[in-house]
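The file run04.csv contains CSV, C-alpha atoms and all ligand atoms:
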chain,number,residue,atom,x,y,z
A,78,MET,CA,0.0,0.0,0.0
A,79,ALA,CA,1.4,3.4,-0.9
A,80,LEU,CA,2.6,5.5,2.0
A,81,ARG,CA,0.0,8.2,1.4
A,82,GLN,CA,-2.9,5.7,1.2
A,83,ARG,CA,-1.7,4.1,4.4
A,84,ALA,CA,-1.5,7.4,6.1
A,85,LEU,CA,-5.1,8.2,4.9
A,86,LYS,CA,-6.3,4.8,6.1
A,87,THR,CA,-4.8,5.4,9.6
A,88,ILE,CA,-6.4,8.8,9.8
A,89,PHE,CA,-9.8,7.4,8.7
A,90,VAL,CA,-9.6,4.6,11.3
A,91,GLU,CA,-8.7,7.1,14.0
A,92,ILE,CA,-11.6,9.4,13.0
A,93,ALA,CA,-13.9,6.4,13.1
A,94,ALA,CA,-12.7,5.6,16.6
A,95,PHE,CA,-13.7,9.0,17.9
A,96,MET,CA,-16.9,9.6,16.1
A,97,THR,CA,-19.6,11.2,18.2
A,98,GLU,CA,-23.3,11.7,17.7
A,99,THR,CA,-22.7,15.2,16.1
A,100,ASP,CA,-20.6,13.6,13.4
A,101,PHE,CA,-23.9,12.1,12.1
A,102,VAL,CA,-25.7,15.4,11.8
A,103,PRO,CA,-25.4,16.4,8.1
A,104,SER,CA,-24.5,19.8,6.8
A,105,ALA,CA,-26.8,21.3,4.1
A,106,TYR,CA,-27.5,18.9,1.3
A,107,LEU,CA,-26.2,19.9,-2.2
A,108,GLU,CA,-28.9,18.0,-4.2
A,109,GLU,CA,-32.7,17.8,-4.1
A,110,LYS,CA,-34.8,14.9,-4.9
A,111,GLU,CA,-38.6,15.1,-5.7
A,112,ALA,CA,-39.5,11.4,-5.6
A,113,GLY,CA,-38.1,7.9,-5.8
A,114,SER,CA,-38.0,4.5,-4.2
A,115,THR,CA,-35.5,2.0,-2.8
A,116,VAL,CA,-35.6,-1.6,-1.5
A,117,TRP,CA,-33.2,-3.1,1.0
A,118,LYS,CA,-33.1,-6.6,2.6
A,119,ALA,CA,-31.6,-6.8,6.0
A,120,PRO,CA,-30.9,-10.0,8.1
A,121,SER,CA,-31.6,-10.8,11.7
A,122,ASN,CA,-28.6,-11.6,13.9
A,123,ILE,CA,-28.0,-13.8,16.9
A,124,ALA,CA,-25.9,-12.5,19.8
A,125,LEU,CA,-23.1,-14.6,21.3
A,126,VAL,CA,-22.4,-12.1,24.0
A,127,LYS,CA,-25.7,-10.5,24.9
A,128,TYR,CA,-26.8,-6.9,25.1
A,129,TRP,CA,-29.1,-6.7,28.1
A,130,GLY,CA,-29.4,-3.3,29.9
A,131,LYS,CA,-29.1,0.2,28.4
A,132,LYS,CA,-28.5,3.8,29.2
A,133,GLU,CA,-30.2,6.9,27.7
A,134,ASN,CA,-30.4,7.2,23.9
A,135,GLN,CA,-30.0,3.4,23.3
A,136,ILE,CA,-26.4,3.3,24.7
A,137,PRO,CA,-25.7,-0.3,25.7
A,138,ALA,CA,-24.7,-1.0,29.3
A,139,ASN,CA,-22.3,-3.6,28.0
A,140,PRO,CA,-20.6,-4.6,24.7
A,141,SER,CA,-22.0,-7.4,22.6
A,142,VAL,CA,-21.1,-9.5,19.6
A,143,SER,CA,-23.2,-11.5,17.1
A,144,PHE,CA,-23.4,-13.7,14.1
A,145,THR,CA,-25.2,-12.0,11.2
A,146,LEU,CA,-27.8,-14.5,9.8
A,147,GLN,CA,-28.9,-15.1,6.3
A,148,ALA,CA,-32.3,-16.7,5.9
A,149,SER,CA,-34.2,-14.7,8.6
A,150,CYS,CA,-34.6,-11.3,7.1
A,151,THR,CA,-36.8,-8.3,6.5
A,152,GLU,CA,-37.3,-6.7,3.0
A,153,THR,CA,-38.4,-3.1,3.0
A,154,ARG,CA,-39.4,-0.8,0.2
A,155,LEU,CA,-39.4,2.9,0.8
A,156,GLU,CA,-41.2,5.2,-1.6
A,157,TYR,CA,-40.8,8.9,-1.1
A,158,THR,CA,-42.5,12.0,-2.5
A,159,ARG,CA,-41.5,15.5,-1.6
A,160,LEU,CA,-44.3,17.5,0.1
A,161,GLU,CA,-45.2,21.0,-0.9
A,162,LYS,CA,-44.5,22.2,2.6
A,163,GLU,CA,-43.0,20.5,5.6
A,164,SER,CA,-45.4,18.3,7.5
A,165,PRO,CA,-45.9,19.0,11.3
A,166,ASP,CA,-46.1,15.3,11.9
A,167,PHE,CA,-44.2,12.5,10.1
A,168,SER,CA,-46.2,11.7,7.0
A,169,PHE,CA,-46.1,8.0,6.2
A,170,ASP,CA,-48.2,4.9,5.3
A,171,LEU,CA,-47.1,1.5,6.5
A,172,LEU,CA,-47.8,-1.8,4.8
A,173,PHE,CA,-46.9,-5.1,6.4
A,174,GLU,CA,-47.0,-8.2,4.2
A,175,GLY,CA,-49.1,-6.2,1.7
A,176,ALA,CA,-51.7,-4.8,4.0
A,177,PRO,CA,-51.9,-1.6,6.0
A,178,LYS,CA,-50.7,-2.2,9.6
A,179,GLU,CA,-51.7,0.6,12.0
A,180,SER,CA,-50.4,-1.2,15.0
A,181,PHE,CA,-46.8,-0.9,13.7
A,182,LYS,CA,-47.0,2.9,13.2
A,183,PRO,CA,-46.2,4.1,16.7
A,184,LYS,CA,-42.9,2.2,16.7
A,185,ILE,CA,-42.0,3.8,13.4
A,186,SER,CA,-43.0,7.2,14.6
A,187,THR,CA,-40.8,6.8,17.7
A,188,PHE,CA,-37.9,5.7,15.4
A,189,LEU,CA,-38.4,8.7,13.1
A,190,SER,CA,-38.4,11.1,16.0
A,191,ARG,CA,-35.2,9.6,17.4
A,192,VAL,CA,-33.4,9.9,14.1
A,193,GLU,CA,-34.8,13.2,12.9
A,194,ASN,CA,-31.8,15.2,14.2
A,195,TYR,CA,-29.6,13.1,11.9
A,196,LEU,CA,-31.9,13.1,8.9
A,197,PRO,CA,-33.3,16.6,8.7
A,198,PHE,CA,-35.3,15.9,5.6
A,199,LEU,CA,-37.8,13.5,7.2
A,200,ARG,CA,-40.7,16.0,7.5
A,201,LYS,CA,-40.2,17.2,3.9
A,202,TYR,CA,-41.4,13.9,2.4
A,203,HIS,CA,-44.4,11.6,2.4
A,204,PHE,CA,-43.2,8.0,2.8
A,205,THR,CA,-44.8,4.7,1.9
A,206,ILE,CA,-43.0,1.9,3.8
A,207,GLU,CA,-43.8,-1.6,2.6
A,208,THR,CA,-42.2,-4.4,4.7
A,209,SER,CA,-42.3,-8.1,5.0
A,210,ASN,CA,-40.3,-10.8,6.8
A,211,SER,CA,-39.0,-14.1,5.5
A,212,PHE,CA,-40.0,-15.8,8.8
A,213,PRO,CA,-43.6,-16.3,10.1
A,214,HIS,CA,-44.8,-13.2,12.0
A,215,SER,CA,-46.0,-15.2,15.0
A,216,SER,CA,-42.8,-17.3,15.2
A,217,GLY,CA,-41.5,-15.3,18.2
A,218,ILE,CA,-38.4,-14.4,16.2
A,219,ALA,CA,-37.7,-10.7,16.9
A,220,SER,CA,-38.2,-8.8,13.6
A,221,SER,CA,-37.1,-5.5,15.2
A,222,ALA,CA,-33.4,-6.0,14.4
A,223,SER,CA,-33.8,-6.9,10.7
A,224,GLY,CA,-36.8,-4.5,10.4
A,225,MET,CA,-35.0,-1.4,11.8
A,226,ALA,CA,-31.8,-2.2,9.9
A,227,ALA,CA,-33.7,-2.4,6.6
A,228,LEU,CA,-35.6,0.9,7.2
A,229,ALA,CA,-32.4,2.7,8.3
A,230,LEU,CA,-30.7,1.6,5.1
A,231,CYS,CA,-33.6,2.8,2.9
A,232,LEU,CA,-33.4,6.2,4.6
A,233,MET,CA,-29.7,6.3,4.1
A,234,ASP,CA,-30.3,5.6,0.5
A,235,LEU,CA,-32.4,8.7,0.2
A,236,GLU,CA,-29.7,10.7,2.1
A,237,LYS,CA,-27.1,9.5,-0.4
A,238,GLU,CA,-29.3,10.9,-3.2
A,239,LEU,CA,-29.2,14.3,-1.4
A,240,ASP,CA,-25.4,13.9,-0.7
A,241,PRO,CA,-24.0,11.8,-3.6
A,242,LYS,CA,-20.4,12.3,-2.4
A,243,MET,CA,-21.0,10.3,0.8
A,244,GLU,CA,-18.4,7.6,1.3
A,245,MET,CA,-19.9,4.0,1.5
A,246,ASP,CA,-18.0,3.4,4.8
A,247,PHE,CA,-19.8,6.3,6.3
A,248,PHE,CA,-23.1,5.2,4.7
A,249,TYR,CA,-23.0,1.8,6.5
A,250,ARG,CA,-21.7,3.2,9.7
A,251,LYS,CA,-24.5,5.8,9.8
A,252,ALA,CA,-27.1,3.1,8.9
A,253,SER,CA,-25.9,1.1,11.9
A,254,PHE,CA,-26.0,4.2,14.1
A,255,LEU,CA,-29.6,5.0,13.0
A,256,ALA,CA,-30.8,1.3,13.3
A,257,ARG,CA,-29.5,1.3,16.9
A,258,LEU,CA,-31.8,4.2,17.7
A,259,GLY,CA,-34.7,2.0,16.5
A,260,SER,CA,-33.6,-1.1,18.3
A,261,GLY,CA,-30.2,-1.7,19.9
A,262,SER,CA,-29.5,-5.1,18.3
A,263,ALA,CA,-30.5,-3.8,14.9
A,264,CYS,CA,-27.1,-2.0,14.6
A,265,ARG,CA,-25.5,-5.4,14.3
A,266,SER,CA,-27.7,-6.3,11.3
A,267,ILE,CA,-26.1,-4.1,8.6
A,268,LYS,CA,-22.8,-5.9,8.0
A,269,GLY,CA,-22.1,-9.6,7.6
A,270,GLY,CA,-20.1,-12.2,9.5
A,271,ILE,CA,-19.3,-11.3,13.1
A,272,VAL,CA,-20.4,-7.9,14.3
A,273,GLN,CA,-19.4,-6.2,17.5
A,274,TRP,CA,-21.2,-3.3,19.2
A,275,GLY,CA,-20.4,-1.3,22.3
A,276,ARG,CA,-17.2,0.3,23.5
A,277,HIS,CA,-14.6,-2.2,24.9
A,278,LYS,CA,-11.2,-1.0,25.8
A,279,ASP,CA,-9.5,-4.0,24.1
A,280,ILE,CA,-11.4,-3.8,20.8
A,281,GLU,CA,-10.1,-1.1,18.6
A,282,ASN,CA,-12.6,1.2,17.0
A,283,SER,CA,-15.4,-0.3,19.0
A,284,SER,CA,-18.2,2.2,19.7
A,285,ASP,CA,-21.4,2.5,21.7
A,286,LEU,CA,-22.9,4.3,18.8
A,287,TYR,CA,-22.8,1.6,16.0
A,288,GLY,CA,-21.7,-1.9,15.2
A,289,ILE,CA,-18.4,-2.7,13.5
A,290,PRO,CA,-17.3,-5.8,11.6
A,291,TYR,CA,-15.3,-7.8,14.1
A,292,PRO,CA,-11.8,-6.3,13.7
A,293,TYR,CA,-9.5,-9.3,14.4
A,294,PRO,CA,-8.7,-12.4,12.5
A,295,VAL,CA,-11.5,-15.0,12.4
A,296,HIS,CA,-10.9,-18.7,11.9
A,297,PRO,CA,-12.5,-20.2,8.8
A,298,VAL,CA,-14.7,-22.5,10.9
A,299,PHE,CA,-16.7,-19.4,11.8
A,300,GLU,CA,-17.2,-18.4,8.2
A,301,GLN,CA,-19.8,-21.1,7.6
A,302,TYR,CA,-21.5,-21.6,11.0
A,303,HIS,CA,-25.0,-23.0,11.1
A,304,ASP,CA,-27.9,-21.7,13.3
A,305,THR,CA,-31.0,-23.8,13.2
A,306,ILE,CA,-33.7,-21.9,15.0
A,307,LEU,CA,-36.2,-24.1,16.9
A,308,LEU,CA,-39.5,-22.3,17.2
A,309,VAL,CA,-40.6,-23.4,20.7
A,310,HIS,CA,-43.3,-20.9,21.4
A,311,GLU,CA,-45.4,-18.7,19.1
A,312,GLY,CA,-47.1,-15.5,20.1
A,313,GLU,CA,-46.5,-12.4,22.1
A,314,LYS,CA,-43.8,-12.5,24.7
A,315,GLN,CA,-44.8,-12.0,28.3
A,316,VAL,CA,-42.2,-9.2,28.8
A,317,SER,CA,-40.8,-7.2,25.9
A,318,SER,CA,-37.0,-6.7,25.5
A,319,THR,CA,-37.4,-3.0,26.1
A,320,LEU,CA,-39.0,-3.7,29.5
A,321,GLY,CA,-36.4,-6.4,30.3
A,322,HIS,CA,-33.5,-3.9,29.6
A,323,ASP,CA,-35.2,-1.4,31.9
A,324,LEU,CA,-35.2,-4.0,34.7
A,325,MET,CA,-31.4,-4.0,34.7
A,326,HIS,CA,-31.5,-0.6,36.3
A,327,ASN,CA,-31.2,-1.3,40.1
A,328,HIS,CA,-30.8,-5.0,39.3
A,329,PRO,CA,-28.9,-6.7,42.2
A,330,PHE,CA,-26.4,-8.4,39.8
A,331,ALA,CA,-26.2,-5.6,37.1
A,332,LYS,CA,-22.6,-4.6,37.8
A,333,GLN,CA,-21.3,-8.2,37.8
A,334,ARG,CA,-23.3,-9.0,34.6
A,335,PHE,CA,-21.9,-6.0,32.7
A,336,GLU,CA,-18.4,-7.0,33.7
A,337,GLN,CA,-19.0,-10.6,32.8
A,338,ALA,CA,-20.1,-9.6,29.3
A,339,GLY,CA,-16.9,-7.5,28.8
A,340,LYS,CA,-14.7,-10.4,30.0
A,341,ASN,CA,-16.5,-12.9,27.8
A,342,LEU,CA,-16.1,-10.7,24.8
A,343,LYS,CA,-12.4,-10.5,25.5
A,344,ALA,CA,-12.2,-14.2,26.0
A,345,LEU,CA,-13.8,-14.8,22.6
A,346,GLN,CA,-11.0,-13.0,20.8
A,347,PRO,CA,-8.5,-15.9,20.8
A,348,VAL,CA,-11.4,-18.3,20.3
A,349,PHE,CA,-12.5,-16.5,17.1
A,350,THR,CA,-8.9,-16.5,15.9
A,351,ASP,CA,-7.9,-20.1,16.8
A,352,GLY,CA,-11.3,-21.7,16.2
A,353,ASN,CA,-11.3,-23.3,19.6
A,354,LEU,CA,-14.9,-24.7,19.6
A,355,VAL,CA,-14.8,-26.2,23.1
A,356,GLU,CA,-14.1,-22.7,24.6
A,357,PHE,CA,-16.6,-21.2,22.1
A,358,ILE,CA,-19.4,-23.5,23.4
A,359,SER,CA,-18.7,-22.7,27.1
A,360,LEU,CA,-18.7,-19.0,26.5
A,361,VAL,CA,-21.8,-18.9,24.3
A,362,GLU,CA,-23.9,-21.2,26.5
A,363,SER,CA,-22.9,-19.4,29.6
A,364,GLU,CA,-23.9,-16.1,28.0
A,365,ALA,CA,-27.4,-17.5,27.1
A,366,LEU,CA,-28.1,-18.8,30.5
A,367,SER,CA,-26.7,-15.6,32.2
A,368,LEU,CA,-29.1,-13.5,30.1
A,369,HIS,CA,-32.0,-15.6,31.3
A,370,ALA,CA,-30.7,-15.6,34.9
A,371,MET,CA,-30.9,-11.8,34.7
A,372,MET,CA,-34.6,-12.1,33.8
A,373,MET,CA,-35.3,-14.5,36.6
A,374,SER,CA,-33.6,-12.3,39.2
A,375,SER,CA,-35.1,-9.0,38.1
A,376,MET,CA,-37.7,-7.4,40.2
A,377,PRO,CA,-40.4,-8.0,39.0
A,378,TYR,CA,-38.9,-11.4,38.0
A,379,PHE,CA,-40.0,-13.2,34.8
A,380,MET,CA,-39.1,-16.2,32.8
A,381,LEU,CA,-39.2,-16.5,29.0
A,382,MET,CA,-38.0,-20.1,28.7
A,383,LYS,CA,-40.7,-22.8,28.4
A,384,PRO,CA,-40.5,-26.4,29.5
A,385,ASN,CA,-39.6,-27.4,25.9
A,386,THR,CA,-36.7,-24.9,25.9
A,387,LEU,CA,-35.2,-26.9,28.8
A,388,GLU,CA,-35.9,-30.2,27.2
A,389,ILE,CA,-34.0,-29.2,24.1
A,390,ILE,CA,-31.0,-27.9,26.1
A,391,ASN,CA,-30.8,-31.1,28.0
A,392,LYS,CA,-31.0,-33.2,24.7
A,393,ILE,CA,-28.2,-31.0,23.2
A,394,TRP,CA,-26.0,-31.7,26.2
A,395,GLU,CA,-26.6,-35.4,26.1
A,396,TYR,CA,-26.1,-35.6,22.4
A,397,ARG,CA,-22.9,-33.5,22.5
A,398,ASN,CA,-21.4,-35.8,25.2
A,399,ALA,CA,-22.3,-38.9,23.3
A,400,SER,CA,-21.4,-37.8,19.8
A,401,LYS,CA,-18.3,-35.6,20.5
A,402,THR,CA,-19.7,-33.0,18.1
A,403,HIS,CA,-19.6,-29.3,18.7
A,404,VAL,CA,-23.2,-28.5,18.7
A,405,CYS,CA,-24.4,-25.9,21.2
A,406,PHE,CA,-27.3,-23.6,21.9
A,407,THR,CA,-28.0,-20.0,22.5
A,408,LEU,CA,-31.2,-18.1,23.4
A,409,ASP,CA,-32.5,-14.7,22.6
A,410,ALA,CA,-35.1,-12.9,24.7
A,411,GLY,CA,-37.7,-15.7,24.2
A,412,ALA,CA,-38.3,-19.4,24.4
A,413,ASN,CA,-36.9,-20.3,21.0
A,414,VAL,CA,-33.5,-22.2,20.9
A,415,HIS,CA,-30.8,-21.3,18.4
A,416,VAL,CA,-28.8,-24.5,17.7
A,417,LEU,CA,-25.2,-23.6,16.6
A,418,TYR,CA,-22.8,-26.0,14.8
A,419,PRO,CA,-20.0,-26.0,12.3
A,420,GLU,CA,-20.3,-26.8,8.6
A,421,ASN,CA,-18.3,-30.1,8.8
A,422,GLU,CA,-20.8,-31.5,11.4
A,423,LYS,CA,-24.0,-30.3,9.6
A,424,ASP,CA,-25.3,-33.6,8.3
A,425,GLN,CA,-25.0,-35.4,11.6
A,426,VAL,CA,-26.4,-32.5,13.7
A,427,LEU,CA,-29.3,-31.8,11.4
A,428,GLN,CA,-30.3,-35.4,11.5
A,429,PHE,CA,-30.2,-35.2,15.4
A,430,ILE,CA,-32.3,-32.1,15.2
A,431,LYS,CA,-34.9,-33.8,13.0
A,432,ASP,CA,-34.9,-37.0,15.1
A,433,GLU,CA,-34.8,-35.6,18.6
A,434,LEU,CA,-35.5,-31.9,18.8
A,435,VAL,CA,-38.2,-31.0,16.3
A,436,ALA,CA,-40.7,-32.8,18.4
A,437,TYR,CA,-40.4,-30.0,21.0
A,438,CYS,CA,-41.1,-27.3,18.4
A,439,GLN,CA,-44.5,-25.7,18.1
A,440,ASN,CA,-46.1,-27.3,15.1
A,441,GLY,CA,-42.7,-28.9,14.3
A,442,GLN,CA,-41.5,-25.5,13.0
A,443,TYR,CA,-37.8,-24.7,12.7
A,444,ILE,CA,-35.7,-22.4,10.4
A,445,CYS,CA,-32.3,-23.5,8.9
A,446,ASP,CA,-30.2,-20.4,9.0
A,447,ARG,CA,-26.5,-19.8,8.9
A,448,ILE,CA,-24.0,-17.0,9.2
A,449,GLY,CA,-24.5,-14.5,6.4
A,450,PHE,CA,-23.1,-11.6,4.5
A,451,GLY,CA,-25.1,-8.6,5.7
A,452,ALA,CA,-27.8,-6.3,4.2
A,453,LYS,CA,-28.2,-5.9,0.5
A,454,LYS,CA,-29.8,-3.4,-1.8
A,455,LEU,CA,-32.3,-5.1,-4.1
B,1,LIG,C1,-31.6,-10.7,24.3
B,1,LIG,O1,-32.3,-4.9,20.6
B,1,LIG,O2,-34.5,-6.1,21.0
B,1,LIG,O3,-31.7,-10.3,21.9
B,1,LIG,O4,-32.9,-1.9,22.0
B,1,LIG,O5,-35.0,-2.3,23.4
B,1,LIG,O6,-35.0,-2.7,20.9
B,1,LIG,P1,-34.2,-2.7,22.2
B,1,LIG,O7,-33.8,-4.2,22.5
B,1,LIG,P2,-33.3,-5.4,21.6
B,1,LIG,O8,-32.6,-6.3,22.7
B,1,LIG,C2,-32.0,-7.5,22.3
B,1,LIG,C3,-31.8,-8.4,23.4
B,1,LIG,C4,-31.2,-9.7,23.1
B,1,LIG,C5,-29.7,-9.7,23.2
B,1,LIG,C6,-28.9,-9.2,21.9
B,1,LIG,O9,-29.5,-9.3,20.8
B,1,LIG,O10,-27.8,-8.8,22.1

For the file at hand, write its structure as structure tokens.
Amino acid sequence: MALRQRALKTIFVEIAAFMTETDFVPSAYLEEKEAGSTVWKAPSNIALVKYWGKKENQIPANPSVSFTLQASCTETRLEYTRLEKESPDFSFDLLFEGAPKESFKPKISTFLSRVENYLPFLRKYHFTIETSNSFPHSSGIASSASGMAALALCLMDLEKELDPKMEMDFFYRKASFLARLGSGSACRSIKGGIVQWGRHKDIENSSDLYGIPYPYPVHPVFEQYHDTILLVHEGEKQVSSTLGHDLMHNHPFAKQRFEQAGKNLKALQPVFTDGNLVEFISLVESEALSLHAMMMSSMPYFMLMKPNTLEIINKIWEYRNASKTHVCFTLDAGANVHVLYPENEKDQVLQFIKDELVAYCQNGQYICDRIGFGAKKL
């Protein structure tokens, strides 16, 4: 790399490390755009080190890291038309899976008001937002990560029309920044592979404001990891993630939990590099159970696992011992189980899932997913 290029790269990396909220407030746009449309598809992600607890403005209480998925995703089409005069409210229609969905509108309004400072054109347009998920709506799979990521990318696309000189690095970083304001974990659904979010002193360029592609060498075993999502329980969760995060304020174990997440993230660094799956399994399963332990020890306490969640976990442990494979589980904020395993064990583990685990899924439903490449413009 030429000396000048290298110097520029260093400067850019350093700027990225110190980006603050104000760096995402644009100066006056050079272009105007009357009308147009854009479509983005964004994936869901599964956290290995969990984000649970937050401060004001969607700042995480601890850093987290996730695998970006591939099959579980949201596709969003944004159509925009410039209004004759600025609207006092946000002007938008929302269609979910082809039909108007009034009940989703408050969440979108909240998102738009949180990002307005960074996208000052929002009241100048009427938007039609059409969105759909690749997974069944009632599956209990959180669509907020993929949904907010897809919408943030659509809005960035419009901003790029108004500011065509915008660098693509900045485009994706700001998309992650905006997505975070919609739903924290959504900032990890822009880029592919392994994504890290939240300031950690030992992870260079890590930020509370946006997710970054994991910045250290990753062993090839993690390039093709599988995640089969077992749908244990359909329907509304008893306690939303947002409420769960809130219960980490004044939680008796909050301090220890936030420290544990930081330590686990650091411990994963050599694991990601060396491909040590035994260590990977113990960190990932411990994170999943620690997350649910926080729920059970909140006040008020609650439990999102169901009897079948525990049945599945026990079956996985038994099978792993007997087969000497590297299958393990993780959980998100719900009863579903994410079964993780490497590519070279896929035939054997998938057979085990079909033979022994699918019986515990609601209506036998499961989704074969795997680590993916990030969001795409269609
Ligand atoms: C358990 O990102 O859904 O999945 O920021 O309130 O929208 P909000 O919460 P959300 O929380 C995700 C919690 C989790 C862990 C994780 O994905 O890191």

Query raised in the report: Once you count all atoms listed in the file, which residues end up no further than 12 Å from (-22.1, -12.1, 32.2) in the file's frame, shown as an MDAnalysis selection string?
Result: chainID A and resid 125:130 138:141 330:344 360:371

**Report entry** Residue contacts of region 431-435 of chain A (9 Å, all atoms listed in the file) excluding same-chain residues fewer than 5 positions away, as a ChimeraX atom specification
**Finding:** /A:307-308,388-389,392-393,426,440-443

Report task. Please tell me which residues are no farther than 12 Å from (-20.9, 3.0, 2.9) in the file, counting only C-alpha atoms, and write them as a ChimeraX atom specification. Result -> /A:230,233-234,236-237,241-253,267-268,452-454

**Report entry** Counting all atoms listed in the file, the option among A:Glu179, A:Glu156, A:Asp351, A:Asp409 closest to Leu232 (chain A)
**Finding:** A:Glu156

Give me the residues of chain A that have any atom at most 9 Å from an atom of ligand LIG 1 (chain B); for each, the nearest atom pair and the distance in Å, rounded to one decimal. Use only C-alpha atoms and all ligand atoms, sort by chain and number, and format it as JSON lines.
{"residue": "A:Asn122", "atom": "CA", "partner": "B:LIG1", "partner_atom": "O9", "distance": 7.3}
{"residue": "A:Ile123", "atom": "CA", "partner": "B:LIG1", "partner_atom": "O9", "distance": 6.1}
{"residue": "A:Ala124", "atom": "CA", "partner": "B:LIG1", "partner_atom": "O10", "distance": 4.8}
{"residue": "A:Leu125", "atom": "CA", "partner": "B:LIG1", "partner_atom": "O10", "distance": 7.5}
{"residue": "A:Val126", "atom": "CA", "partner": "B:LIG1", "partner_atom": "O10", "distance": 6.6}
{"residue": "A:Lys127", "atom": "CA", "partner": "B:LIG1", "partner_atom": "O10", "distance": 3.9}
{"residue": "A:Tyr128", "atom": "CA", "partner": "B:LIG1", "partner_atom": "O10", "distance": 3.7}
{"residue": "A:Trp129", "atom": "CA", "partner": "B:LIG1", "partner_atom": "C3", "distance": 5.7}
{"residue": "A:Gly130", "atom": "CA", "partner": "B:LIG1", "partner_atom": "O8", "distance": 8.4}
{"residue": "A:Lys131", "atom": "CA", "partner": "B:LIG1", "partner_atom": "O4", "distance": 7.7}
{"residue": "A:Gln135", "atom": "CA", "partner": "B:LIG1", "partner_atom": "O4", "distance": 6.2}
{"residue": "A:Ile136", "atom": "CA", "partner": "B:LIG1", "partner_atom": "O4", "distance": 8.8}
{"residue": "A:Pro137", "atom": "CA", "partner": "B:LIG1", "partner_atom": "O4", "distance": 8.3}
{"residue": "A:Pro140", "atom": "CA", "partner": "B:LIG1", "partner_atom": "O10", "distance": 8.7}
{"residue": "A:Ser141", "atom": "CA", "partner": "B:LIG1", "partner_atom": "O10", "distance": 6.0}
{"residue": "A:Val142", "atom": "CA", "partner": "B:LIG1", "partner_atom": "O10", "distance": 7.2}
{"residue": "A:Ser143", "atom": "CA", "partner": "B:LIG1", "partner_atom": "O10", "distance": 7.3}
{"residue": "A:Ala219", "atom": "CA", "partner": "B:LIG1", "partner_atom": "O2", "distance": 6.9}
{"residue": "A:Ser220", "atom": "CA", "partner": "B:LIG1", "partner_atom": "O2", "distance": 8.7}
{"residue": "A:Ser221", "atom": "CA", "partner": "B:LIG1", "partner_atom": "O2", "distance": 6.4}
{"residue": "A:Ala222", "atom": "CA", "partner": "B:LIG1", "partner_atom": "O1", "distance": 6.4}
{"residue": "A:Arg257", "atom": "CA", "partner": "B:LIG1", "partner_atom": "O4", "distance": 6.9}
{"residue": "A:Leu258", "atom": "CA", "partner": "B:LIG1", "partner_atom": "O4", "distance": 7.5}
{"residue": "A:Gly259", "atom": "CA", "partner": "B:LIG1", "partner_atom": "O6", "distance": 6.4}
{"residue": "A:Ser260", "atom": "CA", "partner": "B:LIG1", "partner_atom": "O6", "distance": 3.4}
{"residue": "A:Gly261", "atom": "CA", "partner": "B:LIG1", "partner_atom": "O4", "distance": 3.4}
{"residue": "A:Ser262", "atom": "CA", "partner": "B:LIG1", "partner_atom": "O1", "distance": 3.6}
{"residue": "A:Ala263", "atom": "CA", "partner": "B:LIG1", "partner_atom": "O1", "distance": 6.1}
{"residue": "A:Cys264", "atom": "CA", "partner": "B:LIG1", "partner_atom": "O1", "distance": 8.5}
{"residue": "A:Arg265", "atom": "CA", "partner": "B:LIG1", "partner_atom": "O9", "distance": 8.6}
{"residue": "A:Ser317", "atom": "CA", "partner": "B:LIG1", "partner_atom": "O5", "distance": 8.0}
{"residue": "A:Ser318", "atom": "CA", "partner": "B:LIG1", "partner_atom": "O7", "distance": 5.0}
{"residue": "A:Thr319", "atom": "CA", "partner": "B:LIG1", "partner_atom": "O5", "distance": 3.7}
{"residue": "A:Leu320", "atom": "CA", "partner": "B:LIG1", "partner_atom": "O5", "distance": 7.4}
{"residue": "A:Gly321", "atom": "CA", "partner": "B:LIG1", "partner_atom": "O5", "distance": 8.1}
{"residue": "A:His322", "atom": "CA", "partner": "B:LIG1", "partner_atom": "O5", "distance": 6.6}
{"residue": "A:Asp323", "atom": "CA", "partner": "B:LIG1", "partner_atom": "O5", "distance": 8.5}
{"residue": "A:Ala365", "atom": "CA", "partner": "B:LIG1", "partner_atom": "C1", "distance": 8.5}
{"residue": "A:Leu368", "atom": "CA", "partner": "B:LIG1", "partner_atom": "C1", "distance": 6.9}
{"residue": "A:His369", "atom": "CA", "partner": "B:LIG1", "partner_atom": "C1", "distance": 8.6}
{"residue": "A:Leu408", "atom": "CA", "partner": "B:LIG1", "partner_atom": "C1", "distance": 7.5}
{"residue": "A:Asp409", "atom": "CA", "partner": "B:LIG1", "partner_atom": "C1", "distance": 4.4}
{"residue": "A:Ala410", "atom": "CA", "partner": "B:LIG1", "partner_atom": "C1", "distance": 4.2}
{"residue": "A:Gly411", "atom": "CA", "partner": "B:LIG1", "partner_atom": "C1", "distance": 7.9}

Query raised in the report: What does the distance from CA of Asn421 (chain A) to CA of Ser359 (chain A) come to in Å, to one decimal?
Result: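 Answer for the CA of Asn421 (chain A) to CA of Ser359 (chain A) separation: 19.7 Å.
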
Query raised in the report: Any idea what's packed within 12 Å of Ser190 (chain A), counting only C-alpha atoms, ignoring anything in its chain fewer than 2 positions away? Could you give it as a ChimeraX atom specification?
Result: /A:134,165-168,183-188,192-200,255,258-259

Query - Å distance separating CA of Gly352 (chain A) from CA of Leu286 (chain A), one decimal place - result: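 If I compute the distance from CA of Gly352 (chain A) to CA of Leu286 (chain A), I get 28.6 Å.
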
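What separates CA of Leu228 (chain A) from CA of Lys178 (chain A) is a distance of 15.6 Å.
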
Query raised in the report: For Tyr293 (chain A), which residue among A:Gln346, A:Gln147, A:Ser164, A:Asn210 is the nearest when counting only C-alpha atoms?
Result: A:Gln346
